[in-house]
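Right, one structure below, let's go through it.
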Amino acid sequence: MAAFAGVAAALAHPPWGLLPGLLGYCLMFVVIDRPAPGHPFRSAFLRGWLSGCGYFLVSLIWLAQPFYVDAKEQGWMAPFAVAGVVAGMALFWGAAAVVYTLLKSHGVLRVLLFAGALSACEWLRGHVLTGFPWNLAGETWRAGSPPSQAAAAVGAYGLTWLTLVVFTSPAVVLEGRRGRALLVVAAVIAGAIWIAGAVRLATPYPYGPRAPWIRIVQADVEQETKYDPELLRSIVGRYIDLTGRPSSHPVDIVVWPEGAIPIAFDDYLTAHSWISGAIGMVLKPGQTLLVGGYRWTAAAGGAPLAYNSMAAVRRYAMGLAVAGFYDKYRLVPFGEFMPLDSLASRLGVKQFVHVGDGFAPGPEPRPMRLTGLPAVQPLICYESLFPGFTRDGAALSHLRPAWIVNVSNDAWFGSGSGPPQLLNIASYRAIEEGLPMVRATPTGISAVIDAFGRTVPSQTLGEGAFGVIDAPLPPALQPTLYFRLGELPFLLMLLASLSGARLETLRRGGARR
């Protein structure tokens, strides 16, 4: 039952969208709330862990795909990696079950404690060992839907707490008048979230003066073919052809995805490279190209360091000039760097990206200022998972960007559940910040996303599509409550969880007296 509860909750996420599966949290609560006698903590941990295994197995099944890109060298690792990540992520759910069992009272408000314990451990999952906050419960809702708009006020972690409270409350409906009252309150909360979100979405979008026009280029380059040197000219030709296509409107910014050209920036952005020459031929004076790739720099001791970066390349009358770089701050463990590298090497475990000894993390993120264009916060692939990433960069630089650009390499994830899930998760960053997002991938899904997290069908390229999106940059909204307060509302929710458990204890103590 515990494992089934986790599977059901995971199936509520896109791309499946089976929202009745959210009652899986209710079932999870029931089985953890009644641990085996004699060993309550061990029983609670096992049941919470099994729920997590079911949840993350469904959510992360796409993790096998990157290992089959280089099947000869890495294919053998796929089952072990998926099993290891699933079991590791489930530890957070097991820990939440133990915390709940340790602190729980016997009243109906223990539902709040369960929601607090699980959402707090989900916050830890997003921060421990660089974090991996994939498919938070609050991101179950399709981005751009009415319930998703609550993230603008409380963020994805706060929406996780609210979602858990609402869908766990039915478990206590048979516990007398207080249980029925709690279910009514939960229904009112759910209704208020839905109505407030619908009202927010019905507000006219504040289109103002002329916005920059964006061209997103999706060249449909599969990961298996990207690093074949014989295909380099073909790959470059795809991007050049799409970039140079006529447009019905003057384009200001062209966006290529992460790793668009599979060689270092230094090798193709120099004045004597045939690639930079081809780019210079299709970019018009005044246009800026944003492109993901990698670059080398020298460390203090002289050793070379590689960065996963995004370059801003501006076309002037006399030629190209690099206007700036953004170096990826949040790196993928085992994908872009190898934790415990010496031990992993002895075991034969290799990272996905074979660039030197892996990538080095860049400095803490800040918005990029580009000549003649609104300030932009880049998010490179994995970074789009993290709530508050753009907010933190704005705080460091004292500059709120006008938009977010997310360059990603979804080709790693194949054509399964990974790309639509990552699109949904990334869109929550737009909702939280009240900022539009421009998303470019090599094989899909590329899209223009407005500040409400909505993708426009005519401004979306699906998996396997070859083409461009030409669209005006949607305007930013006023700073959201989440942008102003960060995780403070979530912290208050956790305090409410603890207070609810304490109130039940005091009430029962008073009743006995």
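Every chain in the structure tokens takes a letter, A first, then B, and so on in the order presented; its residues are numbered from 1, and the ligands are numbered from 1 following the presented order.
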Within 8 Å of Leu290 (chain A), counting only C-alpha atoms, which residues show up once you throw out same-chain ones fewer than 3 positions away? Write them as a PyMOL selection string, please.
-> chain A and resi 253-256+310-313
Restricting the calculation to only C-alpha atoms, which member of A:Ala81, A:Leu23, A:Ile425, A:Ala87 is positioned closest to Gly138 (chain A)?
->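 That would be A:Ile425, the residue with the smallest distance to Gly138 (chain A).
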Compile the contact shell of Gly54 (chain A) as a ChimeraX atom specification: residues with an atom at most 6 Å away, counting only C-alpha atoms, same-chain residues fewer than 5 positions apart removed.
-> /A:3,6-7
Using backbone DSSP assignments, extract all helix (DSSP H, G or I) residues from region 228-360 of chain A; output them as a PyMOL selection string.
-> chain A and resi 229-243+265-268+274-282+341-347
Non-local contacts of His13 (chain A) (12 Å; only C-alpha atoms; under 4 positions in same chain excluded) as a ChimeraX atom specification | /A:6-9,17-22,55-56,58-60,134-143,417-418,420-425
So which residues touch Pro133 (chain A) within 9 Å, counting only C-alpha atoms, skipping near sequence neighbours fewer than 3 positions away, as a list of chain:residue names?
-> A:Glu122, A:Trp123, A:Leu124, A:Arg125, A:Gly126, A:His127, A:Leu136, A:Leu385, A:Phe386, A:Pro387
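Closest approach to Ile214 (chain A) among A:Gly416, A:Pro37, A:Gly158, A:Pro472: A:Pro472, based on only C-alpha atoms.
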Compile the contact shell of Ser234 (chain A) as a ChimeraX atom specification: residues with an atom at most 12 Å away, counting only C-alpha atoms, same-chain residues fewer than 6 positions apart removed.
-> /A:219-221,225-228,240-241,261-262,275
Residue selection dump (N, CA and C atoms) as a JSON list (two decimals), in the first residue's frame:
[["chain", "number", "residue", "atom", "x", "y", "z"],
["A", 219, "ALA", "N", 17.06, 22.73, -33.49],
["A", 219, "ALA", "CA", 17.62, 22.07, -34.68],
["A", 219, "ALA", "C", 17.41, 20.57, -34.69],
["A", 220, "ASP", "N", 16.76, 20.01, -33.67],
["A", 220, "ASP", "CA", 16.48, 18.58, -33.60],
["A", 220, "ASP", "C", 17.75, 17.75, -33.79],
["A", 221, "VAL", "N", 18.73, 17.99, -32.91],
["A", 221, "VAL", "CA", 19.99, 17.24, -32.93],
["A", 221, "VAL", "C", 19.96, 16.23, -31.79],
["A", 225, "THR", "N", 24.31, 11.71, -31.75],
["A", 225, "THR", "CA", 25.06, 12.15, -32.93],
["A", 225, "THR", "C", 25.87, 13.42, -32.69],
["A", 226, "LYS", "N", 25.66, 14.06, -31.56],
["A", 226, "LYS", "CA", 26.22, 15.40, -31.37],
["A", 226, "LYS", "C", 27.74, 15.42, -31.42],
["A", 227, "TYR", "N", 28.39, 14.40, -30.87],
["A", 227, "TYR", "CA", 29.85, 14.45, -30.75],
["A", 227, "TYR", "C", 30.56, 13.64, -31.83],
["A", 228, "ASP", "N", 29.87, 13.32, -32.90],
["A", 228, "ASP", "CA", 30.50, 12.69, -34.05],
["A", 228, "ASP", "C", 31.16, 13.80, -34.88],
["A", 240, "ILE", "N", 22.64, 27.39, -38.47],
["A", 240, "ILE", "CA", 22.83, 28.56, -39.34],
["A", 240, "ILE", "C", 21.61, 28.73, -40.26],
["A", 241, "ASP", "N", 21.13, 27.62, -40.82],
["A", 241, "ASP", "CA", 19.97, 27.70, -41.72],
["A", 241, "ASP", "C", 18.75, 28.25, -41.00],
["A", 261, "ILE", "N", 26.61, 23.83, -30.19],
["A", 261, "ILE", "CA", 27.78, 23.45, -30.99],
["A", 261, "ILE", "C", 28.70, 22.63, -30.08],
["A", 262, "PRO", "N", 29.00, 21.38, -30.41],
["A", 262, "PRO", "CA", 29.69, 20.48, -29.48],
["A", 262, "PRO", "C", 31.20, 20.66, -29.42],
["A", 275, "ILE", "N", 33.06, 28.73, -38.26],
["A", 275, "ILE", "CA", 31.76, 28.74, -37.59],
["A", 275, "ILE", "C", 31.36, 30.17, -37.23]]
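Every protein, DNA or RNA residue with an atom at most 10 Å from Phe167 (chain A), where only C-alpha atoms count and chain neighbours fewer than 3 positions away do not, is listed here: A:Pro20, A:Gly21, A:Leu22, A:Leu23, A:Gly24, A:Tyr25, A:Cys26, A:Leu27, A:Phe29, A:Val111, A:Ala115, A:Leu162, A:Thr163, A:Leu164, A:Pro170, A:Ala171, A:Leu183, A:Ala186, A:Ala187, A:Ala190.
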Selected residues written out, C-alpha atoms, as an mmCIF file, in the first residue's frame:
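Output saved as selection.cif:
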data_model
loop_
_atom_site.group_PDB
_atom_site.id
_atom_site.type_symbol
_atom_site.label_atom_id
_atom_site.label_comp_id
_atom_site.auth_asym_id
_atom_site.auth_seq_id
_atom_site.Cartn_x
_atom_site.Cartn_y
_atom_site.Cartn_z
ATOM 1 C CA PRO A 20 -6.969 11.675 -8.420
ATOM 2 C CA GLY A 21 -3.524 10.218 -7.781
ATOM 3 C CA LEU A 22 -3.000 13.056 -5.306
ATOM 4 C CA LEU A 23 -5.051 10.952 -2.887
ATOM 5 C CA GLY A 24 -1.935 8.790 -2.779
ATOM 6 C CA TYR A 25 -0.715 11.225 -0.113
ATOM 7 C CA CYS A 26 -3.846 10.404 1.884
ATOM 8 C CA LEU A 27 -3.075 6.681 1.622
ATOM 9 C CA PHE A 29 -0.617 9.192 5.651
ATOM 10 C CA VAL A 111 -2.504 16.190 9.334
ATOM 11 C CA ALA A 115 2.364 17.960 5.730
ATOM 12 C CA LEU A 162 -0.806 23.348 0.897
ATOM 13 C CA THR A 163 -1.224 20.434 -1.515
ATOM 14 C CA LEU A 164 -0.314 17.919 1.174
ATOM 15 C CA PRO A 170 -9.782 13.108 3.921
ATOM 16 C CA ALA A 171 -7.927 10.567 6.070
ATOM 17 C CA LEU A 183 -12.048 18.415 5.679
ATOM 18 C CA ALA A 186 -9.262 21.923 3.464
ATOM 19 C CA ALA A 187 -11.953 22.123 0.770
ATOM 20 C CA ALA A 190 -8.494 24.311 -2.194
#
Interatomic distance between CA of Met77 (chain A) and CA of Leu331 (chain A)?
-> 20.1 Å
